[in-house]
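For reference, data18.cif is printed below; it contains mmCIF, C-alpha atoms.
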```
data_model
#
loop_
_atom_site.label_atom_id
_atom_site.label_comp_id
_atom_site.auth_asym_id
_atom_site.auth_seq_id
_atom_site.Cartn_x
_atom_site.Cartn_y
_atom_site.Cartn_z
CA MET V 15 108.87 133.17 65.72
CA GLU V 16 110.03 131.24 68.71
CA ILE V 17 107.76 131.64 71.72
CA ILE V 18 109.68 131.28 74.97
CA SER V 19 109.11 132.47 78.51
CA SER V 20 110.47 135.85 79.56
CA ILE V 21 112.32 134.04 82.32
CA ARG V 22 114.33 132.06 79.77
CA ARG V 23 114.94 135.14 77.65
CA GLU V 24 116.18 137.13 80.63
CA ALA V 25 118.45 134.30 81.74
CA ARG V 26 120.07 134.35 78.30
CA GLU V 27 120.52 138.09 78.48
CA GLU V 28 122.05 137.83 81.93
CA MET V 29 124.53 135.17 80.81
CA LEU V 30 125.63 137.31 77.89
CA THR V 31 125.87 140.50 79.90
CA LEU V 32 128.06 138.80 82.48
CA LEU V 33 130.23 137.27 79.83
CA LEU V 34 130.67 140.55 77.97
CA GLN V 35 131.46 142.39 81.20
CA HIS V 36 133.96 139.73 82.11
CA ARG V 37 135.63 140.06 78.75
CA PHE V 38 135.49 143.79 78.09
CA SER V 39 134.95 145.13 81.64
CA ALA V 40 132.31 147.85 81.87
CA LEU V 41 129.60 147.82 79.21
CA PRO V 42 128.48 151.18 77.84
CA ALA V 43 124.78 151.93 78.34
CA PRO V 44 123.93 151.80 74.60
CA ILE V 45 125.10 148.19 74.51
CA THR V 46 123.09 147.07 77.51
CA GLU V 47 120.08 148.86 76.06
CA LYS V 48 120.53 147.05 72.78
CA LEU V 49 120.87 143.72 74.56
CA ASN V 50 117.65 144.50 76.35
CA LYS V 51 115.82 144.68 73.07
CA LEU V 52 117.09 141.46 71.52
CA SER V 53 114.69 138.55 71.13
CA GLY V 54 115.41 135.20 72.75
CA GLU V 55 116.52 133.86 69.41
CA GLN V 56 118.92 136.74 68.78
CA LEU V 57 120.45 136.34 72.23
CA LYS V 58 121.18 132.72 71.41
CA GLU V 59 122.82 133.77 68.14
CA LEU V 60 124.97 136.33 69.89
CA GLY V 61 126.05 133.74 72.44
CA VAL V 62 127.62 131.71 69.66
CA GLU V 63 128.80 134.72 67.67
CA LEU V 64 130.89 135.86 70.61
CA PHE V 65 133.58 133.38 69.65
CA ASN V 66 134.21 135.34 66.47
CA ILE V 67 134.22 138.71 68.17
CA GLN V 68 137.43 140.30 69.34
CA SER V 69 136.46 143.75 70.54
CA LEU V 70 133.64 145.73 72.03
CA SER V 71 133.25 147.67 68.80
CA GLU V 72 132.60 144.41 66.99
CA VAL V 73 129.87 143.66 69.54
CA GLU V 74 128.40 147.06 68.84
CA GLU V 75 128.53 146.44 65.15
CA TRP V 76 126.78 143.09 65.51
CA LEU V 77 124.11 144.67 67.69
CA PHE V 78 123.70 147.58 65.34
CA LEU V 79 122.87 145.24 62.51
CA ARG V 80 119.91 143.68 64.39
CA MET C 150 108.26 127.64 68.40
CA ASP C 151 105.21 129.26 66.80
CA HIS C 152 101.63 129.24 68.07
CA ASP C 153 100.56 126.04 66.37
CA SER C 154 103.57 124.10 67.55
CA LEU C 155 103.02 125.42 71.04
CA TYR C 156 99.47 124.04 71.09
CA LYS C 157 100.68 120.82 69.60
CA LYS C 158 103.34 120.47 72.25
CA LEU C 159 100.84 121.17 75.01
CA LEU C 160 98.49 118.48 73.72
CA THR C 161 101.27 115.99 73.17
CA VAL C 162 102.86 116.41 76.57
CA PHE C 163 99.51 116.40 78.35
CA PHE C 164 97.26 114.39 76.05
CA LEU C 165 95.45 112.43 78.73
CA GLU C 166 94.95 115.56 80.81
CA PHE C 167 93.47 117.22 77.74
CA VAL C 168 91.04 114.36 77.16
CA GLU C 169 90.09 114.34 80.81
CA SER C 170 89.20 118.04 80.91
CA PHE C 171 87.85 118.68 77.42
CA LEU C 172 86.62 115.38 75.98
CA PRO C 173 84.51 113.83 78.75
CA GLY C 174 82.99 111.33 76.30
CA PRO C 175 86.18 109.62 75.09
CA ALA C 176 87.68 110.02 78.58
CA LYS C 177 85.24 107.30 79.66
CA TYR C 178 86.15 104.76 77.01
CA ILE C 179 89.80 105.20 76.04
CA ASP C 180 92.48 102.99 77.47
CA PRO C 181 95.01 105.46 78.95
CA SER C 182 97.90 103.04 78.48
CA SER C 183 97.37 102.80 74.71
CA ILE C 184 98.30 106.32 73.54
CA GLU C 185 100.33 106.40 70.34
CA PHE C 186 101.14 109.63 68.44
CA LEU C 187 101.05 109.15 64.68
CA ASP C 188 103.24 110.51 61.94
CA LYS C 189 102.92 114.21 61.38
CA GLU C 190 103.34 114.00 57.63
CA THR C 191 99.81 112.77 57.12
CA PHE C 192 98.52 116.16 56.08
CA ALA C 193 101.37 117.28 53.90
CA GLY C 194 99.90 119.11 50.96
CA ILE C 195 96.32 119.26 52.14
CA ARG C 196 96.59 122.74 53.61
CA PRO C 197 95.67 125.73 51.55
CA ARG C 198 98.54 128.12 50.71
CA ARG C 199 101.41 126.92 52.85
CA ARG C 200 102.36 123.58 54.28
CA ARG C 201 102.04 123.88 57.99
CA GLU C 202 103.07 121.39 60.58
CA MET C 203 99.96 119.38 61.04
CA ASP C 204 98.06 119.03 64.22
CA LEU C 205 97.66 115.99 66.35
CA VAL C 206 96.63 112.44 65.45
CA VAL C 207 96.61 109.93 68.26
CA LYS C 208 95.88 106.25 68.07
CA VAL C 209 94.11 104.91 71.14
CA ARG C 210 92.41 101.70 72.15
CA PHE C 211 88.93 101.27 73.47
CA LYS C 212 88.97 100.29 77.11
CA ASP C 213 87.82 96.71 77.68
CA SER C 214 89.03 95.73 74.25
CA GLN C 215 92.33 94.23 73.20
CA GLN C 216 91.90 94.83 69.50
CA ALA C 217 89.67 97.79 68.76
CA PHE C 218 91.57 101.00 68.08
CA PHE C 219 90.44 104.43 66.96
CA LEU C 220 92.02 107.79 66.18
CA ILE C 221 91.56 111.10 67.91
CA HIS C 222 92.38 113.95 65.59
CA VAL C 223 92.87 117.40 67.15
CA GLU C 224 93.28 120.56 65.10
CA HIS C 225 94.15 123.96 66.50
CA GLN C 226 92.59 127.03 64.88
CA SER C 227 93.22 130.65 65.78
CA THR C 228 90.53 131.81 63.35
CA SER C 229 87.25 130.36 62.12
CA PRO C 230 87.32 130.51 58.31
CA ALA C 231 84.17 129.63 56.35
CA ASP C 232 85.80 126.64 54.66
CA PHE C 233 87.01 125.09 57.88
CA PRO C 234 84.18 122.49 58.24
CA HIS C 235 85.01 121.24 54.77
CA ARG C 236 88.69 121.04 55.59
CA MET C 237 87.89 119.10 58.74
CA PHE C 238 85.92 116.65 56.60
CA ARG C 239 88.84 116.26 54.19
CA TYR C 240 91.17 115.46 57.07
CA PHE C 241 88.67 112.89 58.23
CA ILE C 242 88.62 111.24 54.82
CA ARG C 243 92.38 111.31 54.57
CA LEU C 244 92.81 109.66 57.97
CA THR C 245 90.11 107.10 57.33
CA GLU C 246 91.74 106.09 54.05
CA LYS C 247 95.21 105.92 55.46
CA TYR C 248 94.55 104.08 58.69
CA ASN C 249 91.20 102.42 58.14
CA LEU C 250 90.21 103.22 61.71
CA PRO C 251 87.30 105.19 63.17
CA VAL C 252 88.20 108.85 63.68
CA TYR C 253 87.04 111.13 66.50
CA PRO C 254 87.58 114.66 65.12
CA VAL C 255 88.20 117.59 67.44
CA VAL C 256 89.13 121.23 66.91
CA ILE C 257 90.24 123.81 69.45
CA PHE C 258 89.35 127.39 68.53
CA SER C 259 91.57 129.85 70.37
CA HIS C 260 90.51 133.13 68.75
CA ASP C 261 89.47 135.99 70.98
CA LYS C 262 86.69 137.42 68.82
CA PRO C 263 84.07 136.93 67.51
CA ASP C 264 82.44 134.77 70.12
CA THR C 265 79.60 133.67 67.86
CA LEU C 266 79.13 129.94 67.93
CA VAL C 267 81.36 128.09 65.46
CA PRO C 268 79.88 125.26 63.36
CA GLU C 269 80.41 121.66 64.39
CA THR C 270 79.13 120.00 61.25
CA TYR C 271 79.83 119.72 57.58
CA GLU C 272 76.79 118.96 55.48
CA VAL C 273 76.12 117.92 51.93
CA ALA C 274 72.42 118.49 51.40
CA PHE C 275 70.03 118.60 48.48
CA PRO C 276 66.45 119.87 48.39
CA ASP C 277 65.15 116.31 48.68
CA LYS C 278 67.67 114.80 51.06
CA THR C 279 70.75 115.24 53.20
CA VAL C 280 73.49 113.07 51.81
CA LEU C 281 76.01 113.70 54.54
CA GLN C 282 76.12 115.20 57.95
CA PHE C 283 79.65 115.05 59.32
CA ASN C 284 79.94 116.01 63.00
CA TYR C 285 83.03 116.99 64.92
CA THR C 286 83.70 118.44 68.35
CA ALA C 287 84.59 122.11 68.50
CA ILE C 288 86.15 123.37 71.72
CA GLN C 289 85.55 127.08 71.40
CA LEU C 290 87.63 128.56 74.18
CA ASN C 291 86.13 132.06 74.06
CA ARG C 292 82.74 130.59 74.99
CA LEU C 293 83.97 128.54 77.93
CA PRO C 294 83.66 130.31 81.27
CA TRP C 295 87.06 130.24 83.01
CA ARG C 296 85.49 129.75 86.43
CA LYS C 297 84.34 126.32 85.43
CA PHE C 298 87.97 125.25 85.14
CA VAL C 299 89.53 127.06 88.06
CA ALA C 300 88.75 124.25 90.49
CA GLN C 301 90.41 121.66 88.26
CA PRO C 302 94.03 120.87 88.95
CA ASN C 303 94.65 120.17 85.27
CA PRO C 304 97.61 121.63 83.33
CA VAL C 305 95.79 121.85 79.99
CA ALA C 306 92.82 123.59 81.60
CA THR C 307 95.22 126.06 83.21
CA ALA C 308 97.00 126.78 79.94
CA LEU C 309 93.81 127.14 77.91
CA MET C 310 92.07 129.22 80.54
CA THR C 311 94.11 132.14 79.24
CA ARG C 312 92.00 132.05 76.05
CA MET C 313 88.63 131.43 77.67
CA GLN C 314 85.70 133.75 78.22
CA ILE C 315 87.00 136.29 80.73
CA ARG C 316 85.29 139.52 81.73
CA GLU C 317 87.54 142.52 81.11
CA ALA C 318 87.75 143.29 84.82
CA ASP C 319 88.70 139.72 85.70
CA ARG C 320 91.78 139.46 83.48
CA PRO C 321 94.43 140.18 86.15
CA LYS C 322 92.67 137.87 88.58
CA VAL C 323 92.55 135.04 86.04
CA LYS C 324 96.24 135.39 85.33
CA ALA C 325 97.00 135.21 89.05
CA GLU C 326 94.73 132.17 89.36
CA CYS C 327 96.59 130.51 86.50
CA LEU C 328 99.88 131.06 88.27
CA ARG C 329 98.45 129.71 91.50
CA LEU C 330 97.16 126.63 89.70
CA LEU C 331 100.49 126.16 87.99
CA VAL C 332 102.40 126.00 91.26
CA THR C 333 99.90 123.65 92.84
CA LEU C 334 100.24 121.22 89.91
CA LYS C 335 103.80 120.33 90.98
CA LEU C 336 105.05 119.69 87.46
CA THR C 337 108.61 119.03 86.37
CA PRO C 338 110.41 122.28 85.40
CA ASP C 339 110.11 121.82 81.63
CA LYS C 340 106.41 121.01 81.85
CA ALA C 341 105.81 123.94 84.18
CA GLU C 342 107.59 126.23 81.73
CA LEU C 343 105.32 125.09 78.92
CA ILE C 344 102.23 126.10 80.90
CA TYR C 345 103.94 129.30 82.00
CA VAL C 346 104.56 130.26 78.37
CA PHE C 347 100.82 130.04 77.74
CA ILE C 348 100.01 132.18 80.77
CA GLU C 349 102.55 134.79 79.83
CA ASN C 350 101.85 134.98 76.10
CA TYR C 351 98.13 134.52 75.87
CA LEU C 352 97.00 136.65 78.76
CA LYS C 353 98.96 139.85 78.24
CA LEU C 354 98.13 142.61 80.68
CA ASN C 355 98.46 146.36 80.37
CA ALA C 356 100.20 148.42 83.06
CA ASP C 357 97.06 149.00 85.13
CA GLU C 358 96.08 145.36 84.95
CA ASN C 359 99.59 144.40 85.90
CA ARG C 360 99.39 146.36 89.11
CA ILE C 361 96.26 144.43 90.10
CA TYR C 362 97.94 141.21 89.07
CA GLU C 363 100.94 141.97 91.30
CA ARG C 364 98.58 142.64 94.18
CA GLU C 365 96.82 139.32 93.58
CA ILE C 366 100.15 137.51 93.44
CA SER C 367 101.21 139.01 96.75
CA LYS C 368 98.23 137.23 98.31
CA LEU C 369 99.65 133.82 97.51
CA VAL C 370 100.59 131.88 100.61
CA ASP C 371 104.29 131.39 101.37
CA GLN C 372 104.26 127.81 100.21
CA GLU C 373 102.89 128.86 96.82
CA LYS C 374 105.41 131.69 96.54
CA ASP C 375 108.24 129.29 97.28
CA ALA C 376 106.98 126.90 94.63
CA ALA C 377 106.78 129.74 92.09
CA MET C 378 110.35 130.79 92.89
CA GLU C 379 111.50 127.22 92.50
CA ILE C 380 109.95 127.01 89.04
CA ILE C 381 111.54 130.30 88.02
CA SER C 382 114.99 129.34 89.20
CA SER C 383 114.85 125.96 87.52
CA ILE C 384 113.90 127.62 84.22
CA ARG C 385 116.87 129.99 84.69
CA ARG C 386 119.17 127.09 85.42
CA ASP C 387 117.98 125.30 82.35
CA ALA C 388 118.36 128.40 80.15
CA ARG C 389 121.98 128.73 81.29
CA GLU C 390 122.71 125.13 80.49
CA GLU C 391 121.08 125.50 77.09
CA MET C 392 123.18 128.56 76.24
CA LEU C 393 126.39 126.95 77.47
CA THR C 394 125.78 123.74 75.58
CA LEU C 395 125.26 125.74 72.42
CA GLN C 396 128.43 127.75 72.97
CA LEU C 397 130.54 124.74 73.82
CA GLN C 398 129.25 122.81 70.85
CA HIS C 399 130.16 125.72 68.64
CA ARG C 400 133.57 125.98 70.24
CA PHE C 401 134.56 122.32 70.11
CA SER C 402 132.25 121.26 67.23
CA THR C 403 131.03 118.31 69.28
CA LEU C 404 130.35 117.63 72.93
CA PRO C 405 130.94 114.14 74.32
CA VAL C 406 128.05 112.67 76.27
CA ALA C 407 130.26 112.46 79.35
CA ILE C 408 130.44 116.25 79.32
CA THR C 409 126.75 116.95 78.72
CA GLU C 410 125.98 114.56 81.56
CA LYS C 411 128.23 116.58 83.84
CA LEU C 412 126.58 119.82 82.72
CA ASP C 413 123.22 118.31 83.62
CA LYS C 414 124.42 117.95 87.19
CA LEU C 415 125.66 121.51 87.72
CA ASN C 416 123.49 123.90 89.67
CA GLY C 417 122.54 127.39 88.50
CA GLU C 418 125.47 129.13 90.18
CA GLN C 419 128.01 126.68 88.81
CA LEU C 420 126.62 127.13 85.32
CA LYS C 421 126.96 130.87 85.70
CA GLU C 422 130.61 130.45 86.73
CA LEU C 423 131.26 128.17 83.81
CA GLY C 424 129.68 130.75 81.51
CA LEU C 425 132.46 133.17 82.41
CA GLU C 426 135.17 130.59 81.84
CA ILE C 427 134.33 129.45 78.33
CA PHE C 428 136.85 131.70 76.63
CA ASN C 429 139.65 130.37 78.79
CA PHE C 430 139.33 126.78 77.66
CA GLN C 431 141.73 125.88 74.89
CA SER C 432 140.65 122.27 74.66
CA LEU C 433 137.95 119.85 75.71
CA SER C 434 140.29 118.36 78.28
CA GLU C 435 140.58 121.72 80.02
CA LEU C 436 136.81 121.87 80.17
CA GLU C 437 136.74 118.35 81.52
CA GLU C 438 139.23 119.26 84.17
CA TRP C 439 137.15 122.26 85.24
CA LEU C 440 134.07 120.05 85.44
CA SER C 441 135.81 117.33 87.40
CA LYS C 442 136.58 119.84 90.14
CA ARG C 443 132.92 120.64 90.75
#
```

Can the structure in the file be given as structure tokens, please?
Amino acid sequence: MEIISSIRREAREEMLTLLLQHRFSALPAPITEKLNKLSGEQLKELGVELFNIQSLSEVEEWLFLR
Amino acid sequence: MDHDSLYKKLLTVFFLEFVESFLPGPAKYIDPSSIEFLDKETFAGIRPRRRREMDLVVKVRFKDSQQAFFLIHVEHQSTSPADFPHRMFRYFIRLTEKYNLPVYPVVIFSHDKPDTLVPETYEVAFPDKTVLQFNYTAIQLNRLPWRKFVAQPNPVATALMTRMQIREADRPKVKAECLRLLVTLKLTPDKAELIYVFIENYLKLNADENRIYEREISKLVDQEKDAAMEIISSIRRDAREEMLTLQLQHRFSTLPVAITEKLDKLNGEQLKELGLEIFNFQSLSELEEWLSKR
């Protein structure tokens, strides 16, 4: 388990949220809720995974698997 | 980073500060300019069950001596198992054999309970005589009163205070004191974050305690509040850069130094902007162009 500060974790979440919003416009509440629950490590993974993701439903799928 | 590596990092980054606050004896006779961290593979295989990253071994020189060196060995323990004194002795033997230098053995106990006194010796004794009495220094945090350390502007003391002897009712106050100490230390952002991680993770408050904590925090003077905000925003800035670097590396398989140097110079807002752009770059040169305009 990686121990990081909540500040760093939240900054990662914010970056991803902005990026997803920018790409897919409005984010449905279930997605933001899921993002909220990801660990710092998972947020980092998603940040890289985004390059392989084409649609919001793929984001959902990725999140659903965590 | 797990708990052991976190302790190890704390002690590595702030080794002299640790000695100063917790090892008053050696603090008097080590030469502060002689610190050398030794290979971490020393203990491979000695641990029971799993191979863990070993704790700290530091080579230092006696003050007033050009030649005489010794080792300070620091272990971190989050429990106090019965066989620990023996293990400590085995480490001692291992280090003595490998380096042929005197060893000053130290262990930090960070468990919460029980607060019964931990042993500081390993003995081999027979009815007619004691063959061996091996002594080491145990820093048992849960028996150290936090108030003793609150007046010390020392980063290691601040971090470890979170595991010290704290009355139930004092917990929110201690956390607020830790934060106040942290901002007065004026550390670089990455060092401040390291201490902050200790405060946040090792002194977890419930909702009621949190309300008291918030009230305590609101009593900080403006200067301290500003310093706290500065630390927070520099951690945020750094987190953005970290995420972007990762994404860009993934995207372009490698990042030239010229680019990472430019990223280092962007402020938090610029990094946020760049974060939104990353899908628009088709090549490294487009990224370079974007960066050159900032």

Residues picked by the PyMOL selection byres ((chain V) within 6 of (chain C)) here, as a PDB file with C-alpha atoms, in the frame of the given file?
```pdb
ATOM      1  CA  MET V  15     108.870 133.170  65.720  1.00  0.00           C
ATOM      2  CA  GLU V  16     110.030 131.240  68.710  1.00  0.00           C
ATOM      3  CA  ILE V  17     107.760 131.640  71.720  1.00  0.00           C
ATOM      4  CA  SER V  19     109.110 132.470  78.510  1.00  0.00           C
ATOM      5  CA  ARG V  22     114.330 132.060  79.770  1.00  0.00           C
ATOM      6  CA  ALA V  25     118.450 134.300  81.740  1.00  0.00           C
ATOM      7  CA  LEU V  33     130.230 137.270  79.830  1.00  0.00           C
ATOM      8  CA  VAL V  62     127.620 131.710  69.660  1.00  0.00           C
TER       9      VAL V  62
END
```

Item to check | Sel. within 10 Å of pt (82.3, 121.1, 70.7), counting all atoms listed in the file, output as a list in words | outcome: Phe171, Leu172, Val255, Val256, Ile257, Phe258, Leu266, Val267, Pro268, Glu269, Asn284, Tyr285, Thr286, Ala287, Ile288, Gln289 and Leu290 of chain C

Next on the checklist: Can you tell me which residues surround Trp76 in chain V at a distance of at most 10 Å, considering all atoms listed in the file, apart from same-chain residues fewer than 6 positions away, and format the answer as an MDAnalysis selection string?
Outcome noted: chainID V and resid 60 63:64 67 70

Next on the checklist: Would you compute the distance between CA of Val273 in chain C and CA of Asn291 in chain C? Give it in Å to one decimal.
Outcome noted: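 Atom-to-atom, CA of Val273 in chain C to CA of Asn291 in chain C, that is 28.1 Å.
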
Checklist entry - What does the distance between CA of His225 in chain C and CA of Ser259 in chain C come to in Å, to one decimal place? => result 7.5 Å

Next on the checklist: Which polymer residues, whether protein, DNA or RNA, lie within 12 Å of the coordinate (131.0, 142.4, 81.9) when you count all atoms listed in the file? List them as JSON, numbers by chain, using the chain letters and numbers from the file.
Outcome noted: {"V": [27, 28, 29, 30, 31, 32, 33, 34, 35, 36, 37, 38, 39, 40, 41, 42, 43, 45, 46, 70], "C": [424, 425]}

Running the PyMOL selection byres ((chain C and resi 180-183) around 12) on this model by hand, what would come out? Give it as a PDB file with C-alpha atoms, keeping the file's coordinate frame.
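What follows is the written file out-v3.pdb:
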```pdb
ATOM      1  CA  PHE C 163      99.510 116.400  78.350  1.00  0.00           C
ATOM      2  CA  PHE C 164      97.260 114.390  76.050  1.00  0.00           C
ATOM      3  CA  LEU C 165      95.450 112.430  78.730  1.00  0.00           C
ATOM      4  CA  GLU C 166      94.950 115.560  80.810  1.00  0.00           C
ATOM      5  CA  PHE C 167      93.470 117.220  77.740  1.00  0.00           C
ATOM      6  CA  VAL C 168      91.040 114.360  77.160  1.00  0.00           C
ATOM      7  CA  GLU C 169      90.090 114.340  80.810  1.00  0.00           C
ATOM      8  CA  PRO C 175      86.180 109.620  75.090  1.00  0.00           C
ATOM      9  CA  ALA C 176      87.680 110.020  78.580  1.00  0.00           C
ATOM     10  CA  LYS C 177      85.240 107.300  79.660  1.00  0.00           C
ATOM     11  CA  TYR C 178      86.150 104.760  77.010  1.00  0.00           C
ATOM     12  CA  ILE C 179      89.800 105.200  76.040  1.00  0.00           C
ATOM     13  CA  ILE C 184      98.300 106.320  73.540  1.00  0.00           C
ATOM     14  CA  GLU C 185     100.330 106.400  70.340  1.00  0.00           C
ATOM     15  CA  PHE C 186     101.140 109.630  68.440  1.00  0.00           C
ATOM     16  CA  VAL C 207      96.610 109.930  68.260  1.00  0.00           C
ATOM     17  CA  LYS C 208      95.880 106.250  68.070  1.00  0.00           C
ATOM     18  CA  VAL C 209      94.110 104.910  71.140  1.00  0.00           C
ATOM     19  CA  ARG C 210      92.410 101.700  72.150  1.00  0.00           C
ATOM     20  CA  PHE C 211      88.930 101.270  73.470  1.00  0.00           C
ATOM     21  CA  LYS C 212      88.970 100.290  77.110  1.00  0.00           C
ATOM     22  CA  ASP C 213      87.820  96.710  77.680  1.00  0.00           C
ATOM     23  CA  SER C 214      89.030  95.730  74.250  1.00  0.00           C
ATOM     24  CA  GLN C 215      92.330  94.230  73.200  1.00  0.00           C
ATOM     25  CA  GLN C 216      91.900  94.830  69.500  1.00  0.00           C
ATOM     26  CA  ALA C 217      89.670  97.790  68.760  1.00  0.00           C
ATOM     27  CA  PHE C 218      91.570 101.000  68.080  1.00  0.00           C
ATOM     28  CA  PHE C 219      90.440 104.430  66.960  1.00  0.00           C
ATOM     29  CA  LEU C 220      92.020 107.790  66.180  1.00  0.00           C
TER      30      LEU C 220
END
```

Item to check | Distance in Å - CA of Arg320 in chain C versus CA of Asn359 in chain C | outcome: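 Spanning CA of Arg320 in chain C to CA of Asn359 in chain C is a straight-line distance of 9.6 Å.
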
Item to check | Result set, the PyMOL selection byres ((chain V and resi 54) around 9) on current file, as a list in words | outcome: Glu16, Ile17, Ile18, Ser19, Ser20, Arg22, Arg23, Glu24, Arg26, Glu27, Leu52, Ser53, Glu55, Gln56, Leu57, Lys58 and Glu59 of chain V

Next on the checklist: Applying 10 Å and only C-alpha atoms, which residues near Leu77 in chain V remain after dropping the ones on its own chain fewer than 2 positions away? List them as an NGL selection string.
Outcome noted: :V and (44-45 or 48-49 or 51-52 or 56 or 60 or 71-75 or 79-80)

Checklist entry - Which of these, C:Arg243, C:Phe401, C:Arg443, C:Ala274, has the shortest distance to Phe65 in chain V once you count all atoms listed in the file? => result C:Phe401

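If you measure from each of C:Leu436, C:Ala325, C:Pro294, C:Asp319 to Glu365 in chain C using all atoms listed in the file, the closest one turns out to be C:Ala325.
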
Next on the checklist: Ranking C:Val370, C:Ile361, C:Leu412, C:Leu250 by minimum distance to Ala318 in chain C and counting all atoms listed in the file, which one comes first?
Outcome noted: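 Residue with the minimum atom-to-atom distance to Ala318 in chain C: C:Ile361.
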
Where atoms are absent from range 61-74 of chain V, fill them in so it carries N, CA and C atoms, then output it as a PDB file, in the frame of the given file.
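And here is the file that came out, selection00.pdb:
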```pdb
ATOM      1  N   GLY V  61     125.272 134.601  71.560  1.00  0.00           N
ATOM      2  CA  GLY V  61     126.050 133.740  72.440  1.00  0.00           C
ATOM      3  C   GLY V  61     127.089 132.938  71.664  1.00  0.00           C
ATOM      4  N   VAL V  62     126.722 132.499  70.483  1.00  0.00           N
ATOM      5  CA  VAL V  62     127.620 131.710  69.660  1.00  0.00           C
ATOM      6  C   VAL V  62     128.576 132.618  68.887  1.00  0.00           C
ATOM      7  N   GLU V  63     128.036 133.752  68.461  1.00  0.00           N
ATOM      8  CA  GLU V  63     128.800 134.720  67.670  1.00  0.00           C
ATOM      9  C   GLU V  63     129.992 135.267  68.454  1.00  0.00           C
ATOM     10  N   LEU V  64     129.850 135.280  69.775  1.00  0.00           N
ATOM     11  CA  LEU V  64     130.890 135.860  70.610  1.00  0.00           C
ATOM     12  C   LEU V  64     132.278 135.262  70.374  1.00  0.00           C
ATOM     13  N   PHE V  65     132.285 134.017  69.890  1.00  0.00           N
ATOM     14  CA  PHE V  65     133.580 133.380  69.650  1.00  0.00           C
ATOM     15  C   PHE V  65     134.318 134.007  68.473  1.00  0.00           C
ATOM     16  N   ASN V  66     133.574 134.700  67.629  1.00  0.00           N
ATOM     17  CA  ASN V  66     134.210 135.340  66.470  1.00  0.00           C
ATOM     18  C   ASN V  66     134.480 136.820  66.711  1.00  0.00           C
ATOM     19  N   ILE V  67     134.130 137.285  67.899  1.00  0.00           N
ATOM     20  CA  ILE V  67     134.220 138.710  68.170  1.00  0.00           C
ATOM     21  C   ILE V  67     135.434 139.012  69.039  1.00  0.00           C
ATOM     22  N   GLN V  68     136.203 139.996  68.619  1.00  0.00           N
ATOM     23  CA  GLN V  68     137.430 140.300  69.340  1.00  0.00           C
ATOM     24  C   GLN V  68     137.352 141.567  70.187  1.00  0.00           C
ATOM     25  N   SER V  69     136.469 142.465  69.830  1.00  0.00           N
ATOM     26  CA  SER V  69     136.460 143.750  70.540  1.00  0.00           C
ATOM     27  C   SER V  69     135.031 144.211  70.800  1.00  0.00           C
ATOM     28  N   LEU V  70     134.937 145.187  71.694  1.00  0.00           N
ATOM     29  CA  LEU V  70     133.640 145.730  72.030  1.00  0.00           C
ATOM     30  C   LEU V  70     132.993 146.415  70.821  1.00  0.00           C
ATOM     31  N   SER V  71     133.845 147.006  69.964  1.00  0.00           N
ATOM     32  CA  SER V  71     133.250 147.670  68.800  1.00  0.00           C
ATOM     33  C   SER V  71     132.647 146.656  67.839  1.00  0.00           C
ATOM     34  N   GLU V  72     133.212 145.448  67.800  1.00  0.00           N
ATOM     35  CA  GLU V  72     132.600 144.410  66.990  1.00  0.00           C
ATOM     36  C   GLU V  72     131.244 143.973  67.567  1.00  0.00           C
ATOM     37  N   VAL V  73     131.162 143.963  68.897  1.00  0.00           N
ATOM     38  CA  VAL V  73     129.870 143.660  69.540  1.00  0.00           C
ATOM     39  C   VAL V  73     128.853 144.718  69.131  1.00  0.00           C
ATOM     40  N   GLU V  74     129.289 145.954  69.223  1.00  0.00           N
ATOM     41  CA  GLU V  74     128.400 147.060  68.840  1.00  0.00           C
ATOM     42  C   GLU V  74     127.922 146.931  67.417  1.00  0.00           C
TER      43      GLU V  74
END
```
